[in-house]
Amino acid sequence: MPKTYEEINAKIKAGEAVVVTAEEIIDIVEEEGAAKAAERVDVVTTGTFAPMCSSGAFLNTGHAHPRLKIQKAWLNDVNAYAGLAAVDLYIGATEATEDDPLNRDHPGDFSYGGGHVIEDLVAGKDVRLKAIAYGTDCYPRKKLDTWINIEDLNEAFLCNPRNAYQNYNVAVNVHADRPIYTYMGTLKPEIGNANYCSAGQLSPLLNDPYYRTIGIGTRIFLGGAQGYVFWQGTQHNPTVERLENGVTKAGAGTLSVVGDLKAMDQRWIRGVSFHGYGVSLNVGLGIPIPVLDEDIVRFTAVRDEDIVAPIVDYSRGYPYSEGGPLGHVSYAELKSGEIEIDGRTVETGALSSYPEAQKIAQLLKEQIEAGEFLLGRPVELIPSVESGLTFKGLKERPVEEEVTADG
Amino acid sequence: MAKTRVVFHYPRTLIDVPVVSRIAREYDLDFNILRANITPDAEGLLVLELAGDAAEITRALEWANAQGVSTQALEKDVVRDDDECTQCGVCVTICPTDALRKDPVTQEVLFTPDDCVACELCVPACPPRAMAVAF
Ligand code: SF4
Ligand code: SF4
């Protein structure tokens with residue numbers, strides 16, 4: 001019999017909800033069958049902890065005396081976007097420090113950037129805010145240089161336009177005769193290693209592959225606090241090829257998420273550096289999936305063996321959009337530490353932390369069991385296969401120089 | 001009689017040249033290969049224990065340098081800050097030894113200092129920069 005969000009939330013409040021992780025549900029469905037599991041289990045928790053580049057935070061610093069309308073701003077020398085109202089800022093995860101040598105001395109180090117500023121804020125460290133303004137009658141001041149602390153900000157909320165990718169590429173270097181430095185880590189020549197980035201069977205969207213329970217208003221674990229899904233993520237691509245079990249054979253669904261930075265924990269919000277590439281932010285994210293019916297529980301029982309990822313060449317294939325994947329491998333193979341590519345054994349590396357994903361799923365389970373975390377019923381689900389939505393490339397229309405009559 | 005541990009970094013072109021046996025012969029040194037590997041640059045990496053006259057060891061290393069082999073005394077330690085480590089596992093394919101490896105069952109990334117040759121390759125490769133050189 002199908003369940004409703006209200007029934008499950010009533011059970012959570014009464015301390016009677018049966019909550020299991022996306023790992024535990026695998027054996028339960030195997031042993032009890034989907035019908036019984038759907039009756040008995042109310043919520044399945046998922047988790048992931050990985051670099052998520054499309055992340056950032058809105059901050060409101062409060063007004064200085066005299067007031068200024070910030071035109072340009074830097075937090076610990078990292079540029080924050082100020083093209084908003086007077087003292088609203090957006091600090092993006094991948095913004096490098098202003099005077100960073102970047103890749104001029106290749107491969108660059110990228111030891112600090114936006115992701116680290118966000119982590120420092122969460123950790124309660126003082127952050128230096130420098131700002132300039134052009135001055136107006138209502139905002140006369142032109143300069144600011146001050147320490148700020150997250151405690152003193154009016155608002156500080158994480159607002160990430162693309163997180164929780166449903167599946168991702170396995171990156172290799174086929175053609176370059178040197179290591180290449182990518183957002184998927186350092187890739188050794190001659191397919192010297194293969195890097196992947198997904199929690200596989202614990203990953204949120206891989207457990208609800210058609211987004212039957214995920215949409216605007218879904219309450220999630222975000223950076224250690226409670227956050228929300230507020231939109232589909234950028235590049236959301238539900239129409240990629242799928243296996244029979246609904247698993248997408250490549251990166252597909254994504255989420256836009258929001259949550260109170262002041263309530264987050266540094267453990268799950270970590271600035272990271274990619275040698276020769278840039279900076280980013282590791283985000284801990286978990287989604288509770290309500291077991292509304294038998295189909296949903298069957299989806300949550302997906303195992304690493306049943307999820308495949310495409311092997312993509314990052315020396316030519318990805319940067320120049322040449323050719324398709326070199327093949328597919330399962331997460332069970334990836335997690336074994338070695339995969340086979342063209343008859344060769346290749347060592348695998350991961351960017352997504354499985355032990356931390358397990359902890360997030362476990363923590364979320366405990367919070368729900370304790371009645372501290374209620375399910376958010378989405379007011380609208382994110383677009384699924386029937387939307388026909390696809391992720392398009394940019395159609396360039398080169399700009400021709402205008403020829404004037406007398407030119 | 002002196003004994004020292006050295007890391008040899010061979011450029012690709014030199015990988016097949018028998019530098020080590022030549023050193024042993026010309027400078028009358030005993031050697032013991034502790035580890036041999038290929039780094040991400042596809043360079044050769046050799047950890048050696050050299051024993052013999054101290055001045056001869058120095059001369060041997062100078063000769064190796066002149067051949068294009070860079071040498072590094074194994075005196076630094078590379079350490080991991082376990083609080084900073086996020087247990088991702090992107091370092092395991094960068095580490096030329098087994099010092100950083102992943103338990104295939106628990107997916108935990110294990111660091112074994114005894115297997116570390118202080119090549120420092122993991123230091124910039126670790127996203128939260130949990131690996132650092134300790135002097
Ligand atoms: S790359 Fe760094 S954070 Fe990741 S497992 Fe290795 S030491 Fe830990
Ligand atoms: S320094 Fe790092 S990469 Fe080199 S051997 Fe030690 S642990 Fe491995």
# chains A, B, ... in the order shown; residues from 1 in each chain; ligands from 1
$ residues_around --residues "Ser330 in chain A" --least-positions-apart "4" --cutoff "12 Å" --atoms "only C-alpha atoms" --output "number ranges by chain"
A: 167-170, 196, 198-201, 243, 247-250, 302-311, 334-340
$ write_last_selection --atoms "N, CA, C and O atoms" --output "compact mmCIF listing (two decimals), in the first residue's frame"
# COMPACT_ATOMS: atom_id res chain seq x y z
N ASN A 167 25.68 10.36 -11.20
CA ASN A 167 26.71 9.66 -11.96
C ASN A 167 27.74 10.64 -12.55
O ASN A 167 27.47 11.84 -12.65
N TYR A 168 28.90 10.14 -12.92
CA TYR A 168 29.93 11.02 -13.49
C TYR A 168 30.93 10.22 -14.30
O TYR A 168 30.91 8.99 -14.30
N ASN A 169 31.80 10.96 -15.00
CA ASN A 169 32.81 10.31 -15.85
C ASN A 169 33.91 9.64 -15.03
O ASN A 169 34.20 10.05 -13.92
N VAL A 170 34.53 8.66 -15.65
CA VAL A 170 35.79 8.11 -15.16
C VAL A 170 36.86 8.71 -16.08
O VAL A 170 36.80 8.51 -17.29
N TYR A 196 37.56 8.54 -10.65
CA TYR A 196 36.10 8.63 -10.70
C TYR A 196 35.61 9.52 -9.57
O TYR A 196 36.36 9.84 -8.65
N SER A 198 32.00 9.59 -7.71
CA SER A 198 30.61 9.38 -7.31
C SER A 198 30.61 8.42 -6.14
O SER A 198 31.51 7.59 -6.02
N ALA A 199 29.60 8.53 -5.29
CA ALA A 199 29.47 7.59 -4.18
C ALA A 199 28.76 6.31 -4.64
O ALA A 199 28.50 5.42 -3.84
N GLY A 200 28.41 6.24 -5.93
CA GLY A 200 27.79 5.01 -6.46
C GLY A 200 26.49 4.68 -5.74
O GLY A 200 25.56 5.50 -5.72
N GLN A 201 26.44 3.53 -5.14
CA GLN A 201 25.19 3.04 -4.53
C GLN A 201 24.69 3.91 -3.38
O GLN A 201 23.54 3.77 -2.97
N LEU A 243 20.27 2.43 -18.20
CA LEU A 243 20.19 0.96 -18.16
C LEU A 243 18.73 0.60 -17.86
O LEU A 243 17.92 1.45 -17.51
N VAL A 247 19.25 3.36 -14.12
CA VAL A 247 20.54 4.02 -13.88
C VAL A 247 20.99 4.76 -15.14
O VAL A 247 20.99 4.20 -16.23
N THR A 248 21.39 6.02 -14.96
CA THR A 248 21.87 6.80 -16.11
C THR A 248 23.31 6.39 -16.41
O THR A 248 24.11 6.24 -15.50
N LYS A 249 23.61 6.22 -17.69
CA LYS A 249 24.95 5.72 -18.06
C LYS A 249 26.00 6.82 -18.10
O LYS A 249 27.14 6.57 -18.50
N ALA A 250 25.63 8.02 -17.72
CA ALA A 250 26.57 9.15 -17.67
C ALA A 250 26.02 10.18 -16.71
O ALA A 250 24.94 10.00 -16.15
N VAL A 302 19.62 -0.27 -5.44
CA VAL A 302 20.63 -0.38 -6.50
C VAL A 302 22.02 -0.60 -5.87
O VAL A 302 22.34 -0.05 -4.83
N ARG A 303 22.80 -1.47 -6.50
CA ARG A 303 24.13 -1.82 -5.98
C ARG A 303 25.22 -1.31 -6.93
O ARG A 303 24.98 -1.12 -8.12
N ASP A 304 26.42 -1.15 -6.37
CA ASP A 304 27.56 -0.70 -7.17
C ASP A 304 27.74 -1.52 -8.45
O ASP A 304 28.15 -1.00 -9.48
N GLU A 305 27.44 -2.81 -8.37
CA GLU A 305 27.58 -3.70 -9.54
C GLU A 305 26.64 -3.27 -10.67
O GLU A 305 26.90 -3.54 -11.85
N ASP A 306 25.52 -2.63 -10.29
CA ASP A 306 24.48 -2.32 -11.28
C ASP A 306 24.59 -0.89 -11.81
O ASP A 306 23.73 -0.44 -12.56
N ILE A 307 25.60 -0.16 -11.37
CA ILE A 307 25.75 1.23 -11.81
C ILE A 307 27.03 1.33 -12.63
O ILE A 307 28.10 0.95 -12.16
N VAL A 308 26.91 1.81 -13.85
CA VAL A 308 28.10 1.94 -14.68
C VAL A 308 28.40 3.40 -14.98
O VAL A 308 27.49 4.23 -15.02
N ALA A 309 29.67 3.69 -15.19
CA ALA A 309 30.11 5.05 -15.52
C ALA A 309 30.93 5.00 -16.80
O ALA A 309 31.61 4.02 -17.06
N PRO A 310 30.86 6.06 -17.60
CA PRO A 310 31.61 6.09 -18.85
C PRO A 310 33.08 6.45 -18.62
O PRO A 310 33.38 7.34 -17.83
N ILE A 311 33.97 5.78 -19.32
CA ILE A 311 35.40 6.12 -19.26
C ILE A 311 35.66 7.17 -20.34
O ILE A 311 35.40 6.94 -21.52
N LEU A 334 35.32 -0.14 -10.07
CA LEU A 334 36.10 1.05 -9.72
C LEU A 334 36.58 0.99 -8.27
O LEU A 334 37.72 1.31 -7.97
N LYS A 335 35.71 0.54 -7.39
CA LYS A 335 36.06 0.51 -5.96
C LYS A 335 36.99 -0.64 -5.61
O LYS A 335 37.57 -0.65 -4.52
N SER A 336 37.15 -1.59 -6.52
CA SER A 336 38.09 -2.68 -6.25
C SER A 336 39.53 -2.18 -6.32
O SER A 336 40.45 -2.85 -5.84
N GLY A 337 39.71 -0.99 -6.93
CA GLY A 337 41.06 -0.42 -6.99
C GLY A 337 41.70 -0.56 -8.36
O GLY A 337 42.70 0.09 -8.65
N GLU A 338 41.13 -1.40 -9.20
CA GLU A 338 41.69 -1.62 -10.55
C GLU A 338 40.56 -1.87 -11.54
O GLU A 338 39.58 -2.53 -11.20
N ILE A 339 40.74 -1.34 -12.74
CA ILE A 339 39.79 -1.68 -13.81
C ILE A 339 40.59 -2.11 -15.03
O ILE A 339 41.81 -1.91 -15.10
N GLU A 340 39.88 -2.69 -15.98
CA GLU A 340 40.52 -3.09 -17.23
C GLU A 340 40.12 -2.10 -18.31
O GLU A 340 38.93 -1.82 -18.48
$ residues_near_ligand --ligand "ligand 1" --cutoff "10 Å" --atoms "only C-alpha atoms and all ligand atoms" --output "PyMOL selection string"
(chain A and resi 185+272+349-353) or (chain B and resi 79-95+100-102+107-111+122-132)
$ write_last_selection --atoms "C-alpha atoms" --output "PDB file, in the first residue's frame"
ATOM      1  CA  GLY A 185      42.919  15.118 -10.511  1.00  0.00           C
ATOM      2  CA  VAL A 272      40.069  21.980  -1.914  1.00  0.00           C
ATOM      3  CA  GLY A 349      41.575   6.883  -7.783  1.00  0.00           C
ATOM      4  CA  ALA A 350      38.500   8.549  -6.317  1.00  0.00           C
ATOM      5  CA  LEU A 351      37.634  12.184  -5.717  1.00  0.00           C
ATOM      6  CA  SER A 352      34.448  11.367  -3.864  1.00  0.00           C
ATOM      7  CA  SER A 353      34.994  10.034  -0.348  1.00  0.00           C
TER       8      SER A 353
ATOM      9  CA  VAL B  79      53.272  13.075   6.990  1.00  0.00           C
ATOM     10  CA  ARG B  80      49.511  13.001   6.787  1.00  0.00           C
ATOM     11  CA  ASP B  81      47.242  15.182   8.891  1.00  0.00           C
ATOM     12  CA  ASP B  82      44.439  12.730   9.527  1.00  0.00           C
ATOM     13  CA  ASP B  83      42.035  15.520  10.490  1.00  0.00           C
ATOM     14  CA  GLU B  84      42.522  17.159   7.119  1.00  0.00           C
ATOM     15  CA  CYS B  85      42.322  13.941   5.090  1.00  0.00           C
ATOM     16  CA  THR B  86      38.849  13.427   3.623  1.00  0.00           C
ATOM     17  CA  GLN B  87      39.521   9.793   2.679  1.00  0.00           C
ATOM     18  CA  CYS B  88      38.920  10.457  -0.995  1.00  0.00           C
ATOM     19  CA  GLY B  89      41.617   8.288  -2.513  1.00  0.00           C
ATOM     20  CA  VAL B  90      42.870  10.480  -5.336  1.00  0.00           C
ATOM     21  CA  CYS B  91      46.425  10.129  -3.976  1.00  0.00           C
ATOM     22  CA  VAL B  92      46.652   6.354  -4.294  1.00  0.00           C
ATOM     23  CA  THR B  93      47.418   6.398  -8.007  1.00  0.00           C
ATOM     24  CA  ILE B  94      49.935   9.217  -7.574  1.00  0.00           C
ATOM     25  CA  CYS B  95      51.950   7.525  -4.832  1.00  0.00           C
ATOM     26  CA  LEU B 100      49.084   5.447   0.238  1.00  0.00           C
ATOM     27  CA  ARG B 101      46.607   2.762  -0.675  1.00  0.00           C
ATOM     28  CA  LYS B 102      42.929   2.075  -0.380  1.00  0.00           C
ATOM     29  CA  GLN B 107      37.342   2.125   0.973  1.00  0.00           C
ATOM     30  CA  GLU B 108      39.518   3.730   3.637  1.00  0.00           C
ATOM     31  CA  VAL B 109      42.765   5.308   2.478  1.00  0.00           C
ATOM     32  CA  LEU B 110      45.643   3.968   4.529  1.00  0.00           C
ATOM     33  CA  PHE B 111      48.969   5.750   4.974  1.00  0.00           C
ATOM     34  CA  CYS B 122      51.162  13.448  -3.097  1.00  0.00           C
ATOM     35  CA  VAL B 123      51.619  16.880  -1.491  1.00  0.00           C
ATOM     36  CA  PRO B 124      50.203  19.028  -4.308  1.00  0.00           C
ATOM     37  CA  ALA B 125      47.940  16.201  -5.502  1.00  0.00           C
ATOM     38  CA  CYS B 126      45.927  16.015  -2.281  1.00  0.00           C
ATOM     39  CA  PRO B 127      42.885  18.317  -2.642  1.00  0.00           C
ATOM     40  CA  PRO B 128      42.566  19.343   1.036  1.00  0.00           C
ATOM     41  CA  ARG B 129      46.392  19.345   1.295  1.00  0.00           C
ATOM     42  CA  ALA B 130      46.496  16.797   4.068  1.00  0.00           C
ATOM     43  CA  MET B 131      49.959  15.560   3.031  1.00  0.00           C
ATOM     44  CA  ALA B 132      52.883  17.726   4.054  1.00  0.00           C
TER      45      ALA B 132
END
$ residues_around --residues "Ala96 in chain A" --least-positions-apart "4" --cutoff "9 Å" --atoms "only C-alpha atoms" --output "ChimeraX atom specification"
/A:77-79,100,102,110-115,278-279
$ residues_around --residues "His175 in chain A" --least-positions-apart "4" --cutoff "8 Å" --atoms "only C-alpha atoms" --output "compact mmCIF listing (two decimals) with N, CA and C atoms, in the first residue's frame"
# COMPACT_ATOMS: atom_id res chain seq x y z
N PRO A 189 50.11 9.68 -18.01
CA PRO A 189 50.09 9.31 -19.43
C PRO A 189 49.90 7.81 -19.64
N GLU A 190 49.55 7.47 -20.87
CA GLU A 190 49.34 6.07 -21.26
C GLU A 190 48.32 5.39 -20.36
N SER A 315 42.45 13.96 -22.27
CA SER A 315 43.55 14.61 -22.99
C SER A 315 43.04 15.19 -24.31
N ARG A 316 42.07 14.51 -24.95
CA ARG A 316 41.46 15.05 -26.17
C ARG A 316 39.93 14.94 -26.13
$ select_by_dssp --residues "range 179-310 of chain A" --states "alpha helix (DSSP H)" --output "list of chain:residue names"
A:Glu294, A:Asp295, A:Ile296, A:Val297, A:Arg298, A:Phe299, A:Thr300
$ write_last_selection --atoms "all heavy atoms" --output "PDB file, in the first residue's frame"
ATOM      1  N   GLU A 294       6.579   0.468  -3.714  1.00  0.00           N
ATOM      2  CA  GLU A 294       7.496  -0.625  -4.005  1.00  0.00           C
ATOM      3  C   GLU A 294       8.557  -0.251  -5.052  1.00  0.00           C
ATOM      4  O   GLU A 294       9.708  -0.651  -4.944  1.00  0.00           O
ATOM      5  CB  GLU A 294       6.638  -1.774  -4.542  1.00  0.00           C
ATOM      6  CG  GLU A 294       7.135  -3.128  -4.213  1.00  0.00           C
ATOM      7  CD  GLU A 294       6.169  -4.181  -4.753  1.00  0.00           C
ATOM      8  OE1 GLU A 294       4.983  -4.160  -4.358  1.00  0.00           O
ATOM      9  OE2 GLU A 294       6.613  -4.989  -5.580  1.00  0.00           O
ATOM     10  N   ASP A 295       8.153   0.517  -6.064  1.00  0.00           N
ATOM     11  CA  ASP A 295       9.111   0.912  -7.102  1.00  0.00           C
ATOM     12  C   ASP A 295      10.255   1.724  -6.499  1.00  0.00           C
ATOM     13  O   ASP A 295      11.416   1.529  -6.838  1.00  0.00           O
ATOM     14  CB  ASP A 295       8.421   1.782  -8.170  1.00  0.00           C
ATOM     15  CG  ASP A 295       7.719   0.926  -9.201  1.00  0.00           C
ATOM     16  OD1 ASP A 295       7.993  -0.300  -9.233  1.00  0.00           O
ATOM     17  OD2 ASP A 295       6.876   1.472  -9.945  1.00  0.00           O
ATOM     18  N   ILE A 296       9.871   2.631  -5.616  1.00  0.00           N
ATOM     19  CA  ILE A 296      10.892   3.495  -5.016  1.00  0.00           C
ATOM     20  C   ILE A 296      11.890   2.666  -4.225  1.00  0.00           C
ATOM     21  O   ILE A 296      13.101   2.858  -4.332  1.00  0.00           O
ATOM     22  CB  ILE A 296      10.234   4.598  -4.148  1.00  0.00           C
ATOM     23  CG1 ILE A 296       9.526   5.595  -5.077  1.00  0.00           C
ATOM     24  CG2 ILE A 296      11.269   5.297  -3.272  1.00  0.00           C
ATOM     25  CD1 ILE A 296       8.725   6.659  -4.389  1.00  0.00           C
ATOM     26  N   VAL A 297      11.401   1.704  -3.458  1.00  0.00           N
ATOM     27  CA  VAL A 297      12.327   0.907  -2.647  1.00  0.00           C
ATOM     28  C   VAL A 297      13.229   0.061  -3.548  1.00  0.00           C
ATOM     29  O   VAL A 297      14.408  -0.157  -3.256  1.00  0.00           O
ATOM     30  CB  VAL A 297      11.589   0.058  -1.589  1.00  0.00           C
ATOM     31  CG1 VAL A 297      11.144  -1.287  -2.132  1.00  0.00           C
ATOM     32  CG2 VAL A 297      12.482  -0.145  -0.372  1.00  0.00           C
ATOM     33  N   ARG A 298      12.693  -0.374  -4.665  1.00  0.00           N
ATOM     34  CA  ARG A 298      13.493  -1.169  -5.597  1.00  0.00           C
ATOM     35  C   ARG A 298      14.642  -0.304  -6.156  1.00  0.00           C
ATOM     36  O   ARG A 298      15.772  -0.750  -6.271  1.00  0.00           O
ATOM     37  CB  ARG A 298      12.601  -1.681  -6.739  1.00  0.00           C
ATOM     38  CG  ARG A 298      13.017  -3.058  -7.243  1.00  0.00           C
ATOM     39  CD  ARG A 298      12.051  -3.606  -8.280  1.00  0.00           C
ATOM     40  NE  ARG A 298      10.875  -4.240  -7.688  1.00  0.00           N
ATOM     41  CZ  ARG A 298       9.614  -3.898  -7.965  1.00  0.00           C
ATOM     42  NH1 ARG A 298       9.351  -2.917  -8.810  1.00  0.00           N
ATOM     43  NH2 ARG A 298       8.616  -4.534  -7.401  1.00  0.00           N
ATOM     44  N   PHE A 299      14.322   0.945  -6.476  1.00  0.00           N
ATOM     45  CA  PHE A 299      15.374   1.844  -6.965  1.00  0.00           C
ATOM     46  C   PHE A 299      16.460   2.082  -5.906  1.00  0.00           C
ATOM     47  O   PHE A 299      17.649   2.127  -6.221  1.00  0.00           O
ATOM     48  CB  PHE A 299      14.785   3.197  -7.385  1.00  0.00           C
ATOM     49  CG  PHE A 299      14.043   3.153  -8.699  1.00  0.00           C
ATOM     50  CD1 PHE A 299      12.772   3.691  -8.809  1.00  0.00           C
ATOM     51  CD2 PHE A 299      14.623   2.571  -9.819  1.00  0.00           C
ATOM     52  CE1 PHE A 299      12.082   3.667 -10.020  1.00  0.00           C
ATOM     53  CE2 PHE A 299      13.949   2.540 -11.032  1.00  0.00           C
ATOM     54  CZ  PHE A 299      12.671   3.085 -11.134  1.00  0.00           C
ATOM     55  N   THR A 300      16.056   2.218  -4.647  1.00  0.00           N
ATOM     56  CA  THR A 300      17.056   2.513  -3.608  1.00  0.00           C
ATOM     57  C   THR A 300      17.964   1.312  -3.338  1.00  0.00           C
ATOM     58  O   THR A 300      19.014   1.465  -2.726  1.00  0.00           O
ATOM     59  CB  THR A 300      16.408   2.920  -2.266  1.00  0.00           C
ATOM     60  OG1 THR A 300      15.617   1.823  -1.797  1.00  0.00           O
ATOM     61  CG2 THR A 300      15.561   4.163  -2.396  1.00  0.00           C
TER      62      THR A 300
END
$ residues_around --residues "Ala118 in chain B" --least-positions-apart "4" --cutoff "12 Å" --atoms "only C-alpha atoms" --output "PyMOL selection string"
chain B and resi 5-8+45-47+72-80+95-97+99-100+112-114+122-123+131-135
$ closest_residue --among "A:Trp268, A:Phe49, A:Tyr314, A:Tyr210" --to "Glu386 in chain A" --atoms "only C-alpha atoms"
A:Tyr210
$ select_by_dssp --residues "range 263-381 of chain A" --states "strand (DSSP E or B)" --output "PyMOL selection string"
chain A and resi 269-274+278-286+288-290+308-313+327-330+338-341+344-350+380-381
$ closest_residue --among "A:Ile70, A:Val174, A:Ala361, A:Leu158" --to "Ala93 in chain A" --atoms "only C-alpha atoms"
A:Leu158
$ closest_residue --among "B:Pro11, B:Pro40, B:Gly52, B:Pro18" --to "chain A" --atoms "only C-alpha atoms"
B:Pro40
$ residues_around --residues "Ile118 in chain A" --least-positions-apart "5" --cutoff "8 Å" --atoms "only C-alpha atoms" --output "ChimeraX atom specification"
/A:56-57,91,93,269-271
$ write_last_selection --atoms "N, CA and C atoms" --output "CSV table (one decimal), in the first residue's frame"
chain,number,residue,atom,x,y,z
A,56,GLY,N,28.6,28.1,-3.9
A,56,GLY,CA,29.0,29.4,-3.4
A,56,GLY,C,28.1,29.9,-2.3
A,57,ALA,N,28.3,31.1,-1.8
A,57,ALA,CA,27.5,31.5,-0.7
A,57,ALA,C,27.1,33.0,-0.8
A,91,ILE,N,30.2,34.8,-2.9
A,91,ILE,CA,31.5,34.2,-3.0
A,91,ILE,C,31.4,32.8,-3.6
A,93,ALA,N,32.9,29.2,-5.2
A,93,ALA,CA,33.9,28.3,-4.7
A,93,ALA,C,35.1,28.2,-5.6
A,269,ILE,N,32.2,21.0,4.8
A,269,ILE,CA,32.4,22.1,3.9
A,269,ILE,C,33.9,22.4,3.8
A,270,ARG,N,34.5,21.9,2.8
A,270,ARG,CA,36.0,21.9,2.8
A,270,ARG,C,36.5,22.5,1.5
A,271,GLY,N,37.3,23.6,1.6
A,271,GLY,CA,38.0,24.1,0.5
A,271,GLY,C,39.0,23.1,0.0
$ atom_distance --atom1 "CA of Ala24 in chain B" --atom2 "CA of Thr58 in chain B"
12.6 Å
$ atom_distance --atom1 "atom 3 (S, counted along the ligand's line) of ligand 2" --atom2 "CA of Cys197 in chain A"
20.6 Å
$ closest_residue --among "B:Val105, B:Ala55, B:Cys119, B:Ala60" --to "Ile38 in chain B" --atoms "only C-alpha atoms"
B:Cys119
$ closest_residue --among "B:Glu120, B:Ile23, B:Met1, B:Thr39" --to "chain A" --atoms "only C-alpha atoms"
B:Thr39
$ closest_residue --among "B:Ser70, B:Asn65, B:Thr106, B:Asn37" --to "ligand 2" --atoms "only C-alpha atoms and all ligand atoms"
B:Asn37
$ decode --residues "range 50-80 of chain B" --atoms "C-alpha atoms" --output "mmCIF file, in the first residue's frame"
data_model
loop_
_atom_site.group_PDB
_atom_site.id
_atom_site.type_symbol
_atom_site.label_atom_id
_atom_site.label_comp_id
_atom_site.auth_asym_id
_atom_site.auth_seq_id
_atom_site.Cartn_x
_atom_site.Cartn_y
_atom_site.Cartn_z
ATOM 1 C CA LEU B 50 74.430 3.048 -0.755
ATOM 2 C CA ALA B 51 77.303 1.903 1.416
ATOM 3 C CA GLY B 52 80.983 2.721 1.021
ATOM 4 C CA ASP B 53 83.473 5.518 1.487
ATOM 5 C CA ALA B 54 81.649 8.797 2.266
ATOM 6 C CA ALA B 55 83.678 10.823 -0.223
ATOM 7 C CA GLU B 56 83.095 8.202 -2.901
ATOM 8 C CA ILE B 57 79.348 8.301 -2.269
ATOM 9 C CA THR B 58 79.367 12.068 -2.761
ATOM 10 C CA ARG B 59 81.358 11.678 -5.981
ATOM 11 C CA ALA B 60 79.045 8.945 -7.187
ATOM 12 C CA LEU B 61 76.013 11.135 -6.656
ATOM 13 C CA GLU B 62 77.678 14.018 -8.463
ATOM 14 C CA TRP B 63 78.379 11.725 -11.388
ATOM 15 C CA ALA B 64 74.760 10.538 -11.392
ATOM 16 C CA ASN B 65 73.583 14.170 -11.390
ATOM 17 C CA ALA B 66 75.814 14.884 -14.360
ATOM 18 C CA GLN B 67 74.117 12.029 -16.217
ATOM 19 C CA GLY B 68 70.763 13.748 -15.725
ATOM 20 C CA VAL B 69 69.630 11.722 -12.734
ATOM 21 C CA SER B 70 68.366 13.895 -9.932
ATOM 22 C CA THR B 71 69.108 12.554 -6.498
ATOM 23 C CA GLN B 72 67.428 13.269 -3.219
ATOM 24 C CA ALA B 73 68.632 12.217 0.202
ATOM 25 C CA LEU B 74 65.943 10.411 2.136
ATOM 26 C CA GLU B 75 65.966 12.537 5.217
ATOM 27 C CA LYS B 76 62.667 14.357 5.030
ATOM 28 C CA ASP B 77 59.426 12.814 6.173
ATOM 29 C CA VAL B 78 56.106 13.220 4.488
ATOM 30 C CA VAL B 79 53.272 13.075 6.990
ATOM 31 C CA ARG B 80 49.511 13.001 6.787
#
